[in-house]
Every structure is written in C-alpha cells, then in structure tokens.
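Undergrad: Supplied structure: final.cif, mmCIF, C-alpha atoms and all ligand atoms; chains and numbers go by the auth columns.
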data_input
loop_
_atom_site.group_PDB
_atom_site.id
_atom_site.type_symbol
_atom_site.label_atom_id
_atom_site.label_comp_id
_atom_site.label_asym_id
_atom_site.label_seq_id
_atom_site.Cartn_x
_atom_site.Cartn_y
_atom_site.Cartn_z
_atom_site.B_iso_or_equiv
_atom_site.auth_seq_id
_atom_site.auth_asym_id
ATOM 1 C CA MET A 1 123.834 142.231 39.798 0.00 1 A
ATOM 2 C CA SER A 2 120.122 142.067 39.064 0.00 2 A
ATOM 3 C CA PHE A 3 116.871 141.455 40.852 0.00 3 A
ATOM 4 C CA THR A 4 113.948 139.313 39.830 0.00 4 A
ATOM 5 C CA SER A 5 110.880 141.083 38.513 0.00 5 A
ATOM 6 C CA ARG A 6 107.446 140.223 37.219 0.00 6 A
ATOM 7 C CA ILE A 7 108.100 142.463 34.209 0.00 7 A
ATOM 8 C CA ASP A 8 107.536 140.365 31.103 0.00 8 A
ATOM 9 C CA LEU A 9 110.900 141.122 29.530 0.00 9 A
ATOM 10 C CA SER A 10 113.558 138.426 29.589 0.00 10 A
ATOM 11 C CA GLU A 11 116.634 138.911 31.755 0.00 11 A
ATOM 12 C CA ASN A 12 118.682 139.080 28.569 0.00 12 A
ATOM 13 C CA VAL A 13 116.563 141.956 27.208 0.00 13 A
ATOM 14 C CA ARG A 14 116.633 143.758 30.546 0.00 14 A
ATOM 15 C CA LYS A 15 120.405 143.380 30.844 0.00 15 A
ATOM 16 C CA GLN A 16 121.031 144.781 27.366 0.00 16 A
ATOM 17 C CA ALA A 17 118.599 147.659 27.888 0.00 17 A
ATOM 18 C CA CYS A 18 120.288 148.518 31.181 0.00 18 A
ATOM 19 C CA GLY A 19 123.651 148.587 29.433 0.00 19 A
ATOM 20 C CA LEU A 20 122.297 151.242 27.067 0.00 20 A
ATOM 21 C CA LEU A 21 120.668 153.159 29.909 0.00 21 A
ATOM 22 C CA GLN A 22 123.770 153.075 32.122 0.00 22 A
ATOM 23 C CA ALA A 23 125.982 154.427 29.327 0.00 23 A
ATOM 24 C CA ARG A 24 123.692 157.409 28.807 0.00 24 A
ATOM 25 C CA LEU A 25 123.244 157.851 32.580 0.00 25 A
ATOM 26 C CA SER A 26 126.992 158.418 32.948 0.00 26 A
ATOM 27 C CA ASP A 27 126.871 160.939 30.099 0.00 27 A
ATOM 28 C CA ALA A 28 123.835 162.697 31.577 0.00 28 A
ATOM 29 C CA LEU A 29 125.469 162.999 35.004 0.00 29 A
ATOM 30 C CA ASP A 30 128.544 164.525 33.378 0.00 30 A
ATOM 31 C CA LEU A 31 126.323 166.843 31.322 0.00 31 A
ATOM 32 C CA GLU A 32 124.416 167.913 34.425 0.00 32 A
ATOM 33 C CA ALA A 33 127.670 168.974 36.083 0.00 33 A
ATOM 34 C CA GLN A 34 128.776 170.749 32.893 0.00 34 A
ATOM 35 C CA ALA A 35 125.595 172.839 32.866 0.00 35 A
ATOM 36 C CA LYS A 36 126.300 173.947 36.443 0.00 36 A
ATOM 37 C CA GLN A 37 129.891 174.732 35.450 0.00 37 A
ATOM 38 C CA ALA A 38 128.476 177.108 32.816 0.00 38 A
ATOM 39 C CA HIS A 39 125.865 178.490 35.226 0.00 39 A
ATOM 40 C CA TRP A 40 128.463 179.365 37.860 0.00 40 A
ATOM 41 C CA ASN A 41 131.284 180.679 35.699 0.00 41 A
ATOM 42 C CA VAL A 42 129.703 182.582 32.824 0.00 42 A
ATOM 43 C CA LYS A 43 130.599 186.271 32.622 0.00 43 A
ATOM 44 C CA GLY A 44 129.910 189.110 30.237 0.00 44 A
ATOM 45 C CA PRO A 45 127.192 191.483 29.069 0.00 45 A
ATOM 46 C CA HIS A 46 124.479 188.791 28.957 0.00 46 A
ATOM 47 C CA PHE A 47 125.447 187.361 32.323 0.00 47 A
ATOM 48 C CA LEU A 48 122.072 187.171 33.998 0.00 48 A
ATOM 49 C CA GLN A 49 120.216 185.721 31.020 0.00 49 A
ATOM 50 C CA LEU A 50 122.851 183.058 30.403 0.00 50 A
ATOM 51 C CA HIS A 51 123.279 182.333 34.109 0.00 51 A
ATOM 52 C CA GLN A 52 119.544 181.570 34.262 0.00 52 A
ATOM 53 C CA LEU A 53 119.489 179.716 30.935 0.00 53 A
ATOM 54 C CA PHE A 54 122.288 177.357 31.989 0.00 54 A
ATOM 55 C CA ASP A 55 120.462 176.605 35.226 0.00 55 A
ATOM 56 C CA ALA A 56 117.284 175.817 33.279 0.00 56 A
ATOM 57 C CA VAL A 57 119.270 173.472 31.028 0.00 57 A
ATOM 58 C CA HIS A 58 120.724 171.860 34.144 0.00 58 A
ATOM 59 C CA ASP A 59 117.241 171.265 35.552 0.00 59 A
ATOM 60 C CA GLU A 60 116.135 169.494 32.368 0.00 60 A
ATOM 61 C CA ILE A 61 119.216 167.288 32.391 0.00 61 A
ATOM 62 C CA GLU A 62 118.572 166.453 36.032 0.00 62 A
ATOM 63 C CA GLN A 63 115.237 165.012 34.911 0.00 63 A
ATOM 64 C CA PHE A 64 117.007 162.915 32.251 0.00 64 A
ATOM 65 C CA VAL A 65 119.253 161.521 34.970 0.00 65 A
ATOM 66 C CA ASP A 66 116.268 160.454 37.048 0.00 66 A
ATOM 67 C CA LEU A 67 114.428 158.933 34.082 0.00 67 A
ATOM 68 C CA LEU A 68 117.463 156.911 33.000 0.00 68 A
ATOM 69 C CA ALA A 69 118.417 155.761 36.505 0.00 69 A
ATOM 70 C CA GLU A 70 114.902 154.761 37.491 0.00 70 A
ATOM 71 C CA ARG A 71 114.358 152.794 34.280 0.00 71 A
ATOM 72 C CA ILE A 72 117.472 150.786 35.239 0.00 72 A
ATOM 73 C CA THR A 73 116.100 150.041 38.701 0.00 73 A
ATOM 74 C CA THR A 74 112.653 149.349 37.246 0.00 74 A
ATOM 75 C CA LEU A 75 114.293 146.675 35.099 0.00 75 A
ATOM 76 C CA GLY A 76 115.847 145.117 38.192 0.00 76 A
ATOM 77 C CA HIS A 77 119.408 146.360 37.849 0.00 77 A
ATOM 78 C CA VAL A 78 121.566 148.742 39.850 0.00 78 A
ATOM 79 C CA ALA A 79 121.837 152.340 38.635 0.00 79 A
ATOM 80 C CA ASP A 80 125.452 153.429 39.070 0.00 80 A
ATOM 81 C CA GLY A 81 125.578 157.171 39.629 0.00 81 A
ATOM 82 C CA ARG A 82 128.878 157.175 41.476 0.00 82 A
ATOM 83 C CA VAL A 83 131.196 160.028 40.569 0.00 83 A
ATOM 84 C CA ALA A 84 134.083 157.646 39.866 0.00 84 A
ATOM 85 C CA THR A 85 131.918 155.615 37.482 0.00 85 A
ATOM 86 C CA THR A 86 130.696 158.760 35.748 0.00 86 A
ATOM 87 C CA ALA A 87 134.249 160.062 35.317 0.00 87 A
ATOM 88 C CA ALA A 88 135.437 156.760 33.874 0.00 88 A
ATOM 89 C CA ALA A 89 132.450 156.079 31.621 0.00 89 A
ATOM 90 C CA THR A 90 131.389 159.447 30.215 0.00 90 A
ATOM 91 C CA THR A 91 131.799 159.803 26.466 0.00 91 A
ATOM 92 C CA LEU A 92 131.347 163.586 26.447 0.00 92 A
ATOM 93 C CA TYR A 93 133.916 166.267 25.776 0.00 93 A
ATOM 94 C CA GLY A 94 135.777 167.539 28.822 0.00 94 A
ATOM 95 C CA TYR A 95 134.441 170.945 29.858 0.00 95 A
ATOM 96 C CA PRO A 96 137.015 173.737 29.332 0.00 96 A
ATOM 97 C CA LEU A 97 137.941 175.261 32.681 0.00 97 A
ATOM 98 C CA GLU A 98 139.165 178.435 30.958 0.00 98 A
ATOM 99 C CA ALA A 99 135.757 179.239 29.436 0.00 99 A
ATOM 100 C CA ALA A 100 134.610 182.637 30.684 0.00 100 A
ATOM 101 C CA GLY A 101 132.497 184.595 28.203 0.00 101 A
ATOM 102 C CA GLY A 102 128.986 183.723 27.198 0.00 102 A
ATOM 103 C CA GLU A 103 129.913 182.489 23.738 0.00 103 A
ATOM 104 C CA ALA A 104 132.600 180.148 25.092 0.00 104 A
ATOM 105 C CA HIS A 105 130.178 178.595 27.572 0.00 105 A
ATOM 106 C CA LEU A 106 127.393 178.356 24.986 0.00 106 A
ATOM 107 C CA LYS A 107 129.713 176.579 22.535 0.00 107 A
ATOM 108 C CA ALA A 108 131.146 174.239 25.172 0.00 108 A
ATOM 109 C CA LEU A 109 127.757 173.212 26.516 0.00 109 A
ATOM 110 C CA ALA A 110 126.230 172.977 23.025 0.00 110 A
ATOM 111 C CA ALA A 111 129.046 170.643 21.948 0.00 111 A
ATOM 112 C CA SER A 112 128.384 168.314 24.864 0.00 112 A
ATOM 113 C CA LEU A 113 124.610 168.520 24.489 0.00 113 A
ATOM 114 C CA GLY A 114 124.922 167.751 20.782 0.00 114 A
ATOM 115 C CA ALA A 115 127.145 164.725 21.450 0.00 115 A
ATOM 116 C CA PHE A 116 124.727 163.519 24.124 0.00 116 A
ATOM 117 C CA GLY A 117 121.768 163.934 21.766 0.00 117 A
ATOM 118 C CA LYS A 118 123.516 161.913 19.051 0.00 118 A
ATOM 119 C CA ALA A 119 124.219 159.052 21.452 0.00 119 A
ATOM 120 C CA VAL A 120 120.671 159.089 22.820 0.00 120 A
ATOM 121 C CA ARG A 121 119.174 159.039 19.304 0.00 121 A
ATOM 122 C CA GLU A 122 121.311 155.994 18.488 0.00 122 A
ATOM 123 C CA ALA A 123 120.079 154.369 21.701 0.00 123 A
ATOM 124 C CA ILE A 124 116.450 154.713 20.511 0.00 124 A
ATOM 125 C CA ASP A 125 117.131 152.332 17.640 0.00 125 A
ATOM 126 C CA GLN A 126 119.318 150.049 19.740 0.00 126 A
ATOM 127 C CA ALA A 127 116.593 149.660 22.377 0.00 127 A
ATOM 128 C CA SER A 128 114.068 148.878 19.641 0.00 128 A
ATOM 129 C CA VAL A 129 116.312 146.181 18.201 0.00 129 A
ATOM 130 C CA ILE A 130 116.747 144.656 21.658 0.00 130 A
ATOM 131 C CA GLY A 131 112.968 144.487 21.974 0.00 131 A
ATOM 132 C CA ASP A 132 112.350 147.004 24.761 0.00 132 A
ATOM 133 C CA ALA A 133 109.901 149.529 23.291 0.00 133 A
ATOM 134 C CA ASP A 134 109.471 151.314 26.621 0.00 134 A
ATOM 135 C CA THR A 135 113.174 152.041 26.950 0.00 135 A
ATOM 136 C CA ALA A 136 113.186 153.169 23.304 0.00 136 A
ATOM 137 C CA ASP A 137 110.309 155.502 24.173 0.00 137 A
ATOM 138 C CA LEU A 138 112.211 156.852 27.181 0.00 138 A
ATOM 139 C CA PHE A 139 115.232 157.552 24.986 0.00 139 A
ATOM 140 C CA THR A 140 112.895 159.240 22.485 0.00 140 A
ATOM 141 C CA GLN A 141 111.564 161.505 25.224 0.00 141 A
ATOM 142 C CA VAL A 142 115.097 162.387 26.367 0.00 142 A
ATOM 143 C CA SER A 143 116.206 162.898 22.764 0.00 143 A
ATOM 144 C CA ARG A 144 113.323 165.254 21.963 0.00 144 A
ATOM 145 C CA GLU A 145 113.994 167.379 25.054 0.00 145 A
ATOM 146 C CA THR A 146 117.749 167.381 24.373 0.00 146 A
ATOM 147 C CA ASP A 147 117.072 168.772 20.897 0.00 147 A
ATOM 148 C CA LYS A 148 114.970 171.530 22.453 0.00 148 A
ATOM 149 C CA GLN A 149 117.651 172.477 24.979 0.00 149 A
ATOM 150 C CA LEU A 150 120.180 172.562 22.153 0.00 150 A
ATOM 151 C CA TRP A 151 117.887 174.944 20.288 0.00 151 A
ATOM 152 C CA PHE A 152 117.888 177.295 23.292 0.00 152 A
ATOM 153 C CA LEU A 153 121.690 177.341 23.315 0.00 153 A
ATOM 154 C CA GLU A 154 122.159 177.592 19.553 0.00 154 A
ATOM 155 C CA ALA A 155 119.610 180.412 19.211 0.00 155 A
ATOM 156 C CA HIS A 156 121.974 182.525 21.289 0.00 156 A
ATOM 157 C CA LEU A 157 124.987 181.543 19.184 0.00 157 A
ATOM 158 C CA LEU A 158 123.202 182.399 15.919 0.00 158 A
ATOM 159 C CA ALA A 159 122.685 185.948 17.150 0.00 159 A
ATOM 160 C CA HIS A 160 126.468 186.532 17.153 0.00 160 A
HETATM 161 FE FE FE B . 122.597 178.847 41.129 0.00 1 B
#
Please go through the file and, once you have read it, give me the structure as structure tokens.

TA:
Amino acid sequence: MSFTSRIDLSENVRKQACGLLQARLSDALDLEAQAKQAHWNVKGPHFLQLHQLFDAVHDEIEQFVDLLAERITTLGHVADGRVATTAAATTLYGYPLEAAGGEAHLKALAASLGAFGKAVREAIDQASVIGDADTADLFTQVSRETDKQLWFLEAHLLAH
C-alpha cells in the first residue's frame, strides 16, 4: 500500500527504497529490544556503568527506529513496526537469555550491533544505486552512529 506524494521520486524508486528501509527497521526494532534486555539483566562488578551504557545504546537505537520509520512514511508507504513483523523479519542474532555477566552482554549486543551496522552500510550503496540519495544519506547517518555505539561496547571488551 502506498500514498501519492509530490516528492519528485518515482513510485518505483520510493517502493524500492522503502523495502530497504523496512528491512533495517525490523532489525532496529529487534536491536532496540536487545539493548533493553542487556540493560535489565546485566550483573557483576561493573553493573551500574554497564546498566547505564546499555540504556544509552538503547536510546540511540530508538532514534534509528524513528528515522527509518518516518522516511518510509515520508515516501508514502506504511512503516510496519508490529512485533509479529519484527520477529519474522529481523536478520539479527537471537539474544541469549542466559547472558548474565557484563562480558556476556557486551559480546551479545556487540554481535548484533555489528551485524546491524554491516547491513546498514550495504543499504547505503543500495539506496544510491536505486537513485534515492536522501535515503542513502539517512543510512549513512545511522551507520556512522552505529559504528560509534559499537566502539563504546568494544572499548569495554578490549579492557578484559
Ligand atoms: Fe531502566
């Protein structure tokens, strides 16, 4: 389903761009929940620092979700943030329920963040090929911030 718009991108371009955006939206929604999973369940000597770090990562991912979803609606399509859609479409690793210590949560979240960043970086080029420079720019913004969040997580892992 799509809506008409005065945006000077063809319906074909908008449809393809929204396909890219929707795929990463499902990943980002999964990732957002994974960051909360880490925030709630982390234990150990660095509890408070990691508890706060994982919440900060969550807040950044929440912004990705909004950017991706609102680009879809801007392009005249329907952003699908339903839990059932997210569960079916996410390409990320399943979050380990048994993770408890800081290192386990850091590694689990870093793995998902790294996979997300790889997919988003690929989407930059794909959006460029489609001919939607603005969506490519949005993916670039998300990619750059994903790299930074990954740095925050990996800096803790390198200290071990
Ligand atoms: Fe909290």

Undergrad: For the atom pair atom CA of Asp30 of chain A and atom CA of Ala17 of chain A, what is the interatomic distance in Å to one decimal place?

TA: 20.3 Å

Undergrad: What are the centre and edge lengths in Å, to one decimal, of the axis-aligned box around all listed atoms of segment 82-98 of chain A with 3 Å added on each side, as JSON?

TA:
{"center_x": 134.0, "center_y": 167.0, "center_z": 33.6, "size_x": 16.3, "size_y": 28.8, "size_z": 21.7}

Undergrad: Neighbours of ligand FE 1 (chain B) at 7 Å or closer, counting only C-alpha atoms and all ligand atoms: which residues, as an MDAnalysis selection string?

TA: chainID A and resid 39:40 55

Undergrad: Could you tell me which of A:Ala155, A:Leu9, A:Leu31, A:Leu106 comes closest to Phe64 of chain A if we count only C-alpha atoms?

TA: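 Closest residue, counting only C-alpha atoms: A:Leu31.
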
Undergrad: Expanded to explicit residues, what is the PyMOL selection byres (((chain A and resi 131) around 10) and not hetatm) for this file, as a list in words?

TA: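 Applied to this file, the PyMOL selection byres (((chain A and resi 131) around 10) and not hetatm) returns Leu9, Ser10, Val13, Arg14, Gln16, Ala17, Asp125, Gln126, Ala127, Ser128, Val129, Ile130, Asp132, Ala133, Asp134, Thr135 and Ala136 of chain A.
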